[in-house]
$ cat data36.cif   # mmCIF, C-alpha atoms
data_run
#
loop_
_atom_site.label_atom_id
_atom_site.label_comp_id
_atom_site.auth_asym_id
_atom_site.auth_seq_id
_atom_site.Cartn_x
_atom_site.Cartn_y
_atom_site.Cartn_z
CA MET J 1 109.83 98.00 95.06
CA LYS J 2 107.35 96.64 97.60
CA VAL J 3 103.59 97.17 97.37
CA VAL J 4 101.81 97.28 100.75
CA LEU J 5 98.12 96.35 100.61
CA PHE J 6 95.87 97.30 103.51
CA CYS J 7 93.27 94.53 103.50
CA GLY J 8 92.43 93.90 107.14
CA GLY J 9 89.46 96.20 107.79
CA LEU J 10 85.92 95.14 108.65
CA GLY J 11 84.23 96.68 105.59
CA LEU J 12 81.23 97.85 107.58
CA ARG J 13 79.67 99.81 104.70
CA MET J 14 79.49 96.60 102.68
CA ARG J 15 78.08 94.55 105.55
CA GLU J 16 75.87 92.41 103.30
CA GLU J 17 78.94 91.04 101.51
CA SER J 18 81.64 91.39 104.17
CA THR J 19 79.89 89.13 106.67
CA ARG J 20 80.95 86.26 104.38
CA VAL J 21 84.34 87.42 103.13
CA PRO J 22 86.67 90.36 103.87
CA LYS J 23 85.95 93.38 101.70
CA PRO J 24 89.04 92.96 99.45
CA MET J 25 87.76 89.47 98.56
CA ILE J 26 84.36 90.63 97.33
CA PRO J 27 84.22 89.43 93.72
CA LEU J 28 84.18 91.63 90.65
CA GLY J 29 83.59 89.35 87.74
CA GLU J 30 85.47 86.10 88.28
CA ARG J 31 88.06 87.52 90.68
CA PRO J 32 88.06 89.52 93.96
CA ILE J 33 88.71 93.26 93.84
CA LEU J 34 92.05 92.60 95.58
CA TRP J 35 93.24 90.65 92.52
CA HIS J 36 92.29 93.54 90.22
CA ILE J 37 94.27 95.98 92.40
CA MET J 38 97.31 93.68 92.40
CA LYS J 39 97.05 93.26 88.63
CA TYR J 40 97.15 97.06 88.24
CA TYR J 41 100.51 97.16 90.04
CA SER J 42 101.73 94.08 88.21
CA ASP J 43 101.09 95.77 84.85
CA PHE J 44 103.65 98.42 85.86
CA GLY J 45 106.14 95.75 86.90
CA PHE J 46 105.58 95.92 90.66
CA ARG J 47 104.90 92.35 91.78
CA ASP J 48 106.32 92.10 95.31
CA PHE J 49 103.30 92.43 97.60
CA VAL J 50 102.97 92.70 101.38
CA LEU J 51 99.40 92.01 102.51
CA CYS J 52 98.33 93.54 105.84
CA LEU J 53 95.72 91.07 107.06
CA GLY J 54 93.12 91.30 109.82
CA TYR J 55 89.43 90.50 109.46
CA LYS J 56 88.89 87.01 107.98
CA ALA J 57 92.58 86.73 107.10
CA GLU J 58 92.16 83.02 106.46
CA VAL J 59 89.89 83.73 103.48
CA ILE J 60 92.59 85.75 101.71
CA LYS J 61 95.28 83.18 102.52
CA ASP J 62 93.13 80.31 101.33
CA TYR J 63 92.29 82.03 98.05
CA PHE J 64 95.92 82.45 97.03
CA LEU J 65 97.09 79.13 98.47
CA ASN J 66 94.57 77.39 96.24
CA TYR J 67 94.75 79.76 93.29
CA SER J 68 94.71 77.96 89.96
CA GLU J 69 95.76 79.90 86.88
CA ALA J 70 94.03 77.27 84.77
CA LEU J 71 90.70 78.40 86.22
CA SER J 72 91.46 82.04 85.41
CA ASN J 73 93.05 81.71 81.96
CA ASP J 74 92.55 79.80 78.71
CA PHE J 75 94.52 76.57 78.50
CA VAL J 76 95.13 73.41 76.48
CA LEU J 77 94.57 70.06 78.18
CA ALA J 78 96.79 67.36 76.63
CA GLU J 79 97.99 63.81 77.17
CA GLY J 80 94.63 62.64 78.42
CA GLY J 81 94.47 65.35 81.04
CA LYS J 82 97.99 64.84 82.38
CA ARG J 83 99.41 68.08 81.00
CA VAL J 84 97.99 71.60 81.20
CA GLU J 85 99.39 74.21 78.83
CA LEU J 86 98.37 77.71 79.89
CA LEU J 87 97.54 80.15 77.09
CA GLY J 88 97.75 83.04 79.53
CA SER J 89 99.13 83.74 82.99
CA ASP J 90 98.76 86.35 85.68
CA THR J 91 100.14 85.54 89.16
CA HIS J 92 103.03 83.21 88.36
CA ASP J 93 105.67 85.89 89.03
CA TRP J 94 103.97 87.55 91.99
CA SER J 95 105.61 87.38 95.42
CA MET J 96 103.14 87.71 98.29
CA THR J 97 103.97 88.15 101.98
CA PHE J 98 100.97 87.55 104.26
CA VAL J 99 101.15 89.34 107.63
CA ASN J 100 98.48 89.30 110.32
CA THR J 101 98.44 92.92 111.50
CA GLY J 102 95.52 92.77 113.95
CA LEU J 103 91.76 92.78 113.77
CA HIS J 104 91.16 96.37 114.92
CA SER J 105 94.47 98.00 113.98
CA THR J 106 94.59 101.41 112.34
CA ILE J 107 96.21 101.79 108.93
CA GLY J 108 99.20 103.36 110.64
CA GLU J 109 99.58 100.41 113.00
CA ARG J 110 99.33 97.95 110.11
CA LEU J 111 102.04 99.82 108.23
CA LYS J 112 104.37 99.81 111.25
CA ARG J 113 103.84 96.07 111.75
CA VAL J 114 105.01 95.21 108.23
CA GLU J 115 108.12 97.43 108.44
CA PRO J 116 110.44 94.38 108.73
CA HIS J 117 109.07 93.10 105.41
CA LEU J 118 109.98 96.24 103.47
CA ASP J 119 113.60 95.05 103.43
CA ASP J 120 115.93 97.85 102.34
CA ASN J 121 113.48 99.55 99.98
CA GLU J 122 113.94 103.32 100.17
CA VAL J 123 110.61 103.89 98.37
CA PHE J 124 107.51 101.72 98.50
CA LEU J 125 103.91 101.80 97.27
CA ALA J 126 100.70 101.31 99.25
CA THR J 127 96.95 101.25 98.84
CA TYR J 128 93.70 100.02 100.35
CA GLY J 129 91.88 96.90 99.20
CA ASP J 130 88.71 98.56 97.94
CA GLY J 131 89.42 101.06 95.17
CA LEU J 132 90.39 100.96 91.49
CA THR J 133 92.04 103.44 89.15
CA ASP J 134 93.89 103.71 85.85
CA ALA J 135 96.20 106.46 87.13
CA PRO J 136 99.74 106.65 85.68
CA LEU J 137 101.65 105.09 88.54
CA ARG J 138 105.11 105.78 87.17
CA GLU J 139 104.32 109.49 86.90
CA MET J 140 103.29 109.42 90.55
CA ILE J 141 106.56 107.78 91.55
CA ASP J 142 108.58 110.26 89.48
CA MET J 143 106.71 113.15 91.07
CA LEU J 144 107.63 112.01 94.56
CA LEU J 145 111.27 111.36 93.64
CA GLU J 146 111.65 114.75 91.98
CA SER J 147 109.95 116.56 94.86
CA GLY J 148 112.29 115.10 97.48
CA LYS J 149 109.32 114.84 99.84
CA THR J 150 108.32 111.93 102.07
CA GLY J 151 104.86 111.03 100.83
CA LEU J 152 102.49 111.34 97.88
CA PHE J 153 98.87 110.36 97.49
CA LEU J 154 96.51 110.18 94.54
CA CYS J 155 94.11 113.13 94.73
CA VAL J 156 90.75 112.70 92.99
CA HIS J 157 87.27 114.15 92.77
CA PRO J 158 84.57 112.42 94.87
CA THR J 159 82.29 110.11 92.94
CA TYR J 160 79.23 110.39 95.17
CA GLN J 161 76.35 112.64 94.19
CA PHE J 162 75.62 115.27 96.84
CA HIS J 163 75.33 119.03 97.19
CA VAL J 164 77.91 121.32 98.79
CA VAL J 165 76.38 124.12 100.88
CA SER J 166 78.10 127.46 101.53
CA LEU J 167 76.87 129.34 104.60
CA GLY J 168 77.21 133.00 105.45
CA ASP J 169 76.69 134.60 108.84
CA GLY J 170 74.47 132.51 111.04
CA ASN J 171 72.45 130.01 109.04
CA ASP J 172 72.09 132.03 105.83
CA VAL J 173 72.63 129.87 102.75
CA ARG J 174 74.86 131.59 100.22
CA GLU J 175 75.22 128.88 97.62
CA ILE J 176 74.36 125.26 96.84
CA GLN J 177 76.49 123.41 94.32
CA ASP J 178 76.51 119.92 92.96
CA VAL J 179 79.70 118.22 94.12
CA THR J 180 80.83 117.89 90.48
CA GLU J 181 80.86 121.69 90.22
CA ALA J 182 82.46 122.40 93.59
CA ASN J 183 86.07 121.50 92.68
CA LEU J 184 86.46 119.26 95.72
CA TRP J 185 89.44 116.93 95.99
CA ILE J 186 89.78 113.87 98.21
CA ASN J 187 92.41 111.30 99.10
CA GLY J 188 92.16 108.52 96.49
CA GLY J 189 94.02 105.98 98.62
CA TYR J 190 96.97 105.22 96.32
CA PHE J 191 100.28 106.17 97.95
CA VAL J 192 104.00 106.47 97.17
CA PHE J 193 106.18 106.72 100.29
CA ARG J 194 109.78 107.08 101.23
CA ARG J 195 110.69 104.71 104.03
CA ARG J 196 111.05 107.61 106.47
CA ILE J 197 107.24 107.86 106.57
CA LEU J 198 107.52 105.27 109.34
CA ASP J 199 109.33 107.81 111.53
CA TYR J 200 106.20 109.97 111.46
CA LEU J 201 104.04 107.24 113.01
CA LEU J 202 103.89 106.90 116.79
CA PRO J 203 102.45 103.79 118.50
CA GLY J 204 98.69 103.49 118.05
CA GLU J 205 98.43 106.29 115.50
CA ASP J 206 96.75 106.36 112.10
CA LEU J 207 98.30 107.26 108.78
CA ALA J 208 96.13 110.04 107.35
CA GLY J 209 94.86 111.32 110.69
CA ASP J 210 98.24 111.59 112.44
CA ALA J 211 101.31 111.05 110.26
CA PHE J 212 99.93 113.16 107.40
CA LYS J 213 99.42 116.11 109.76
CA ARG J 214 103.09 116.00 110.69
CA LEU J 215 104.10 115.71 107.04
CA ILE J 216 101.97 118.75 106.14
CA ALA J 217 103.48 120.77 108.98
CA GLU J 218 106.96 120.03 107.61
CA ASP J 219 105.96 120.46 103.93
CA GLU J 220 106.72 116.78 103.27
CA LEU J 221 103.46 115.71 101.57
CA VAL J 222 102.45 116.16 97.95
CA ALA J 223 99.30 115.23 96.02
CA TYR J 224 99.04 113.92 92.48
CA ARG J 225 95.87 115.48 91.05
CA TYR J 226 94.08 113.07 88.75
CA GLU J 227 90.83 113.58 86.87
CA GLY J 228 90.81 110.19 85.11
CA PHE J 229 89.16 107.00 86.26
CA TRP J 230 88.98 106.31 89.99
CA ALA J 231 86.24 104.43 91.81
CA PRO J 232 85.81 103.12 95.35
CA MET J 233 83.77 100.06 96.31
CA ASP J 234 82.08 101.27 99.47
CA THR J 235 78.49 100.30 98.71
CA LEU J 236 76.49 97.72 96.81
CA LYS J 237 75.78 100.38 94.17
CA ASP J 238 79.53 100.91 93.73
CA LYS J 239 79.97 97.18 93.24
CA GLN J 240 77.25 97.09 90.61
CA THR J 241 78.87 99.99 88.75
CA LEU J 242 82.24 98.23 88.70
CA GLU J 243 80.59 94.97 87.63
CA SER J 244 79.01 96.74 84.67
CA LEU J 245 82.44 97.99 83.60
CA ILE J 246 83.78 94.43 83.70
CA GLU J 247 80.81 93.20 81.69
CA SER J 248 81.63 95.82 79.05
CA GLY J 249 84.80 93.84 78.37
CA ASP J 250 87.09 96.84 78.77
CA PRO J 251 87.29 98.07 82.40
CA PRO J 252 89.52 101.19 82.66
CA TRP J 253 91.83 99.75 85.32
CA SER J 254 92.79 96.86 83.02
CA HIS J 255 94.84 99.22 80.84
CA PRO J 256 96.27 101.92 83.14
CA ARG J 257 97.75 105.07 81.72
CA GLY J 258 101.46 105.67 81.32
CA LEU J 259 102.59 102.10 80.73
CA ASP J 260 104.39 103.04 77.52
CA ILE J 261 106.06 106.27 78.68
CA PRO J 262 109.80 106.01 77.93
CA GLY J 263 112.20 106.89 80.71
CA ALA J 264 109.59 106.56 83.45
CA ALA J 265 110.49 105.19 86.86
CA SER J 266 111.55 101.55 86.73
CA PRO J 267 110.27 99.00 89.26
CA GLY J 268 113.59 98.96 91.13
#

$ encode --input "data36.cif" --output "structure tokens"
Amino acid sequence: MKVVLFCGGLGLRMREESTRVPKPMIPLGERPILWHIMKYYSDFGFRDFVLCLGYKAEVIKDYFLNYSEALSNDFVLAEGGKRVELLGSDTHDWSMTFVNTGLHSTIGERLKRVEPHLDDNEVFLATYGDGLTDAPLREMIDMLLESGKTGLFLCVHPTYQFHVVSLGDGNDVREIQDVTEANLWINGGYFVFRRRILDYLLPGEDLAGDAFKRLIAEDELVAYRYEGFWAPMDTLKDKQTLESLIESGDPPWSHPRGLDIPGAASPG
């Protein structure tokens, strides 16, 4: 099953960092956030990636072309430095297809441009290059398959602190609630799609703004509600929060939920 990664955007809300590297390559610990996202999928057995590139595509290509597992894992150096014996490994069985999908393309356009690289996969996975979760991916896949619908997205509570205002007639304020008490749900950016999602995208259109509206009208879209760990990296504060989780030695996304559920969807 293919995993499509949208990593071509400009990352304007992280301008301080993204002027040097594309947002998915902003480091968390010793590796870019993109690596952490790919590792999440790899833990479930999904290791065939299609990267939708755009802004500073050469940085992403260069990183993986020159990736050394010896620099990222413990190893034994023997025979006077002639032989390296890795004590751990991470990317050796990953397959990565790098596709330039345009500098200013919408997510929908990027998805359409990698259609030839989906091969004959009836179902595929997709996500952005700037968010992390420990959601049970196999449960999400099973939910889509059992529903018979075209698309599924991870549905989460917003992480930002703000107040939700309810207005009555005119400008009368009826209620003010903290967002954590307002039961709001947002698109968490992790998707499971049947291939026919591509039929819902017309030239120049976006995914959530256009294709999703058609799916909703035809009752072809379902959400997986999740109240566990999910975090975006939209701001410097978000980055610092994720860094602190890495420094704790046990970031939630490093051991996603549902890995040991028997009978769950296989990679396929």

$ closest_residue --input "data36.cif" --among "J:Lys2, J:Arg20, J:Lys39, J:Arg31" --to "Trp253 (chain J)" --atoms "only C-alpha atoms"
J:Lys39

$ closest_residue --input "data36.cif" --among "J:Ala78, J:Val192, J:Leu167, J:Ala217" --to "Ile141 (chain J)" --atoms "all atoms listed in the file"
J:Val192

$ atom_distance --input "data36.cif" --atom1 "CA of Glu227 (chain J)" --atom2 "CA of Phe153 (chain J)"
13.7 Å

$ residues_around --input "data36.cif" --residues "Thr91 (chain J)" --least-positions-apart "4" --cutoff "9 Å" --atoms "all atoms listed in the file" --output "ChimeraX atom specification"
/J:39,42,47,67,69,95

$ closest_residue --input "data36.cif" --among "J:Leu202, J:Thr101, J:Arg257, J:Tyr40" --to "Lys56 (chain J)" --atoms "only C-alpha atoms"
J:Thr101

$ resolve_selection --input "data36.cif" --expression "the PyMOL selection byres ((chain J and resi 135) around 9)" --output "PyMOL selection string"
chain J and resi 133-134+136-140+154+226-230+253+256-258

$ atom_distance --input "data36.cif" --atom1 "CA of Glu243 (chain J)" --atom2 "CA of Lys23 (chain J)"
15.1 Å

$ closest_residue --input "data36.cif" --among "J:Trp94, J:Tyr55, J:Tyr160, J:Phe191" --to "Tyr224 (chain J)" --atoms "only C-alpha atoms"
J:Phe191

$ residues_around --input "data36.cif" --residues "Leu53 (chain J)" --least-positions-apart "6" --cutoff "8 Å" --atoms "all atoms listed in the file" --output "VMD selection string"
chain J and resid 6 to 8 98 to 103

$ atom_distance --input "data36.cif" --atom1 "CA of Leu125 (chain J)" --atom2 "CA of Ala57 (chain J)"
21.3 Å

$ resolve_selection --input "data36.cif" --expression "the PyMOL selection byres ((chain J and resi 119) around 12)" --output "number ranges by chain"
J: 1-3, 48, 50, 97, 114-118, 120-124, 195

$ resolve_selection --input "data36.cif" --expression "the PyMOL selection byres ((chain J and resi 33) around 10)" --output "list in words"
Lys23, Pro24, Met25, Ile26, Pro27, Leu28, Gly29, Glu30, Arg31, Pro32, Leu34, Trp35, His36, Ile37, Met38, Lys39, Gly129, Asp130, Gly131, Leu132, Met233, Lys239 and Leu242 of chain J

$ closest_residue --input "data36.cif" --among "J:Asp172, J:Glu220, J:Asp90, J:Glu205" --to "Asp43 (chain J)" --atoms "all atoms listed in the file"
J:Asp90

$ closest_residue --input "data36.cif" --among "J:Tyr128, J:Thr159, J:Leu236, J:Lys112" --to "Leu198 (chain J)" --atoms "only C-alpha atoms"
J:Lys112

$ residues_around --input "data36.cif" --residues "Glu109 (chain J)" --least-positions-apart "3" --cutoff "7 Å" --atoms "only C-alpha atoms" --output "short mmCIF file (atom, residue, chain, number, x, y, z; two decimals) with C-alpha atoms, in the frame of the given file"
data_model
loop_
_atom_site.label_atom_id
_atom_site.label_comp_id
_atom_site.auth_asym_id
_atom_site.auth_seq_id
_atom_site.Cartn_x
_atom_site.Cartn_y
_atom_site.Cartn_z
CA SER J 105 94.47 98.00 113.98
CA THR J 106 94.59 101.41 112.34
CA LYS J 112 104.37 99.81 111.25
CA ARG J 113 103.84 96.07 111.75
CA GLY J 204 98.69 103.49 118.05
CA GLU J 205 98.43 106.29 115.50
CA ASP J 206 96.75 106.36 112.10
#

$ decode --input "data36.cif" --residues "region 180-206 of chain J" --atoms "N, CA, C and O atoms" --output "JSON list (two decimals), in the first residue's frame"
[["chain", "number", "residue", "atom", "x", "y", "z"],
["J", 180, "THR", "N", -11.10, 23.82, 24.59],
["J", 180, "THR", "CA", -11.06, 22.45, 25.12],
["J", 180, "THR", "C", -12.41, 22.00, 25.65],
["J", 180, "THR", "O", -12.64, 20.82, 25.85],
["J", 181, "GLU", "N", -13.32, 22.96, 25.88],
["J", 181, "GLU", "CA", -14.64, 22.62, 26.41],
["J", 181, "GLU", "C", -15.72, 22.70, 25.34],
["J", 181, "GLU", "O", -16.88, 22.39, 25.60],
["J", 182, "ALA", "N", -15.34, 23.12, 24.13],
["J", 182, "ALA", "CA", -16.32, 23.39, 23.08],
["J", 182, "ALA", "C", -16.62, 22.20, 22.18],
["J", 182, "ALA", "O", -17.45, 22.29, 21.28],
["J", 183, "ASN", "N", -15.95, 21.08, 22.38],
["J", 183, "ASN", "CA", -16.17, 19.87, 21.58],
["J", 183, "ASN", "C", -16.01, 20.13, 20.09],
["J", 183, "ASN", "O", -16.80, 19.64, 19.27],
["J", 184, "LEU", "N", -14.99, 20.90, 19.74],
["J", 184, "LEU", "CA", -14.69, 21.14, 18.32],
["J", 184, "LEU", "C", -13.81, 20.02, 17.78],
["J", 184, "LEU", "O", -12.94, 19.49, 18.47],
["J", 185, "TRP", "N", -14.04, 19.68, 16.51],
["J", 185, "TRP", "CA", -13.24, 18.68, 15.82],
["J", 185, "TRP", "C", -12.68, 19.28, 14.54],
["J", 185, "TRP", "O", -13.37, 20.05, 13.86],
["J", 186, "ILE", "N", -11.44, 18.92, 14.22],
["J", 186, "ILE", "CA", -10.81, 19.44, 13.01],
["J", 186, "ILE", "C", -10.18, 18.28, 12.22],
["J", 186, "ILE", "O", -9.99, 17.18, 12.74],
["J", 187, "ASN", "N", -9.85, 18.57, 10.98],
["J", 187, "ASN", "CA", -9.17, 17.61, 10.13],
["J", 187, "ASN", "C", -7.72, 17.46, 10.59],
["J", 187, "ASN", "O", -6.95, 18.41, 10.58],
["J", 188, "GLY", "N", -7.33, 16.24, 11.01],
["J", 188, "GLY", "CA", -5.98, 16.01, 11.51],
["J", 188, "GLY", "C", -4.95, 15.72, 10.44],
["J", 188, "GLY", "O", -3.77, 15.55, 10.75],
["J", 189, "GLY", "N", -5.36, 15.64, 9.17],
["J", 189, "GLY", "CA", -4.40, 15.54, 8.09],
["J", 189, "GLY", "C", -3.83, 14.16, 7.80],
["J", 189, "GLY", "O", -2.90, 14.03, 7.01],
["J", 190, "TYR", "N", -4.38, 13.11, 8.41],
["J", 190, "TYR", "CA", -3.97, 11.74, 8.08],
["J", 190, "TYR", "C", -5.15, 11.09, 7.36],
["J", 190, "TYR", "O", -6.28, 11.06, 7.90],
["J", 191, "PHE", "N", -4.90, 10.58, 6.14],
["J", 191, "PHE", "CA", -5.98, 10.13, 5.27],
["J", 191, "PHE", "C", -5.82, 8.66, 4.85],
["J", 191, "PHE", "O", -4.71, 8.15, 4.72],
["J", 192, "VAL", "N", -6.98, 8.03, 4.62],
["J", 192, "VAL", "CA", -7.03, 6.72, 3.95],
["J", 192, "VAL", "C", -8.00, 6.89, 2.79],
["J", 192, "VAL", "O", -9.15, 7.30, 2.99],
["J", 193, "PHE", "N", -7.55, 6.59, 1.57],
["J", 193, "PHE", "CA", -8.37, 6.82, 0.38],
["J", 193, "PHE", "C", -8.48, 5.57, -0.48],
["J", 193, "PHE", "O", -7.52, 4.80, -0.62],
["J", 194, "ARG", "N", -9.65, 5.41, -1.07],
["J", 194, "ARG", "CA", -9.76, 4.52, -2.22],
["J", 194, "ARG", "C", -9.29, 5.29, -3.45],
["J", 194, "ARG", "O", -9.42, 6.52, -3.51],
["J", 195, "ARG", "N", -8.80, 4.57, -4.42],
["J", 195, "ARG", "CA", -8.23, 5.21, -5.60],
["J", 195, "ARG", "C", -9.24, 6.12, -6.31],
["J", 195, "ARG", "O", -8.87, 7.12, -6.93],
["J", 196, "ARG", "N", -10.53, 5.81, -6.18],
["J", 196, "ARG", "CA", -11.53, 6.62, -6.88],
["J", 196, "ARG", "C", -11.62, 8.05, -6.36],
["J", 196, "ARG", "O", -12.34, 8.87, -6.94],
["J", 197, "ILE", "N", -10.91, 8.38, -5.26],
["J", 197, "ILE", "CA", -10.86, 9.77, -4.81],
["J", 197, "ILE", "C", -10.36, 10.67, -5.93],
["J", 197, "ILE", "O", -10.77, 11.83, -6.05],
["J", 198, "LEU", "N", -9.52, 10.14, -6.81],
["J", 198, "LEU", "CA", -8.96, 10.93, -7.90],
["J", 198, "LEU", "C", -10.02, 11.37, -8.89],
["J", 198, "LEU", "O", -9.86, 12.39, -9.57],
["J", 199, "ASP", "N", -11.13, 10.63, -8.98],
["J", 199, "ASP", "CA", -12.22, 11.00, -9.88],
["J", 199, "ASP", "C", -12.98, 12.21, -9.36],
["J", 199, "ASP", "O", -13.75, 12.83, -10.11],
["J", 200, "TYR", "N", -12.80, 12.54, -8.09],
["J", 200, "TYR", "CA", -13.50, 13.68, -7.49],
["J", 200, "TYR", "C", -12.69, 14.97, -7.60],
["J", 200, "TYR", "O", -13.14, 16.02, -7.12],
["J", 201, "LEU", "N", -11.51, 14.90, -8.20],
["J", 201, "LEU", "CA", -10.66, 16.07, -8.33],
["J", 201, "LEU", "C", -10.63, 16.54, -9.78],
["J", 201, "LEU", "O", -10.21, 15.80, -10.67],
["J", 202, "LEU", "N", -11.06, 17.77, -10.01],
["J", 202, "LEU", "CA", -10.98, 18.38, -11.33],
["J", 202, "LEU", "C", -9.70, 19.20, -11.42],
["J", 202, "LEU", "O", -9.11, 19.57, -10.39],
["J", 203, "PRO", "N", -9.23, 19.50, -12.63],
["J", 203, "PRO", "CA", -7.98, 20.26, -12.79],
["J", 203, "PRO", "C", -7.97, 21.55, -11.99],
["J", 203, "PRO", "O", -8.93, 22.34, -12.02],
["J", 204, "GLY", "N", -6.88, 21.76, -11.24],
["J", 204, "GLY", "CA", -6.70, 22.98, -10.48],
["J", 204, "GLY", "C", -7.39, 23.02, -9.13],
["J", 204, "GLY", "O", -7.28, 24.00, -8.40],
["J", 205, "GLU", "N", -8.08, 21.94, -8.77],
["J", 205, "GLU", "CA", -8.84, 21.95, -7.52],
["J", 205, "GLU", "C", -8.02, 21.45, -6.35],
["J", 205, "GLU", "O", -6.98, 20.81, -6.50],
["J", 206, "ASP", "N", -8.54, 21.75, -5.14],
["J", 206, "ASP", "CA", -7.88, 21.31, -3.91],
["J", 206, "ASP", "C", -8.60, 20.06, -3.38],
["J", 206, "ASP", "O", -9.69, 19.71, -3.82]]
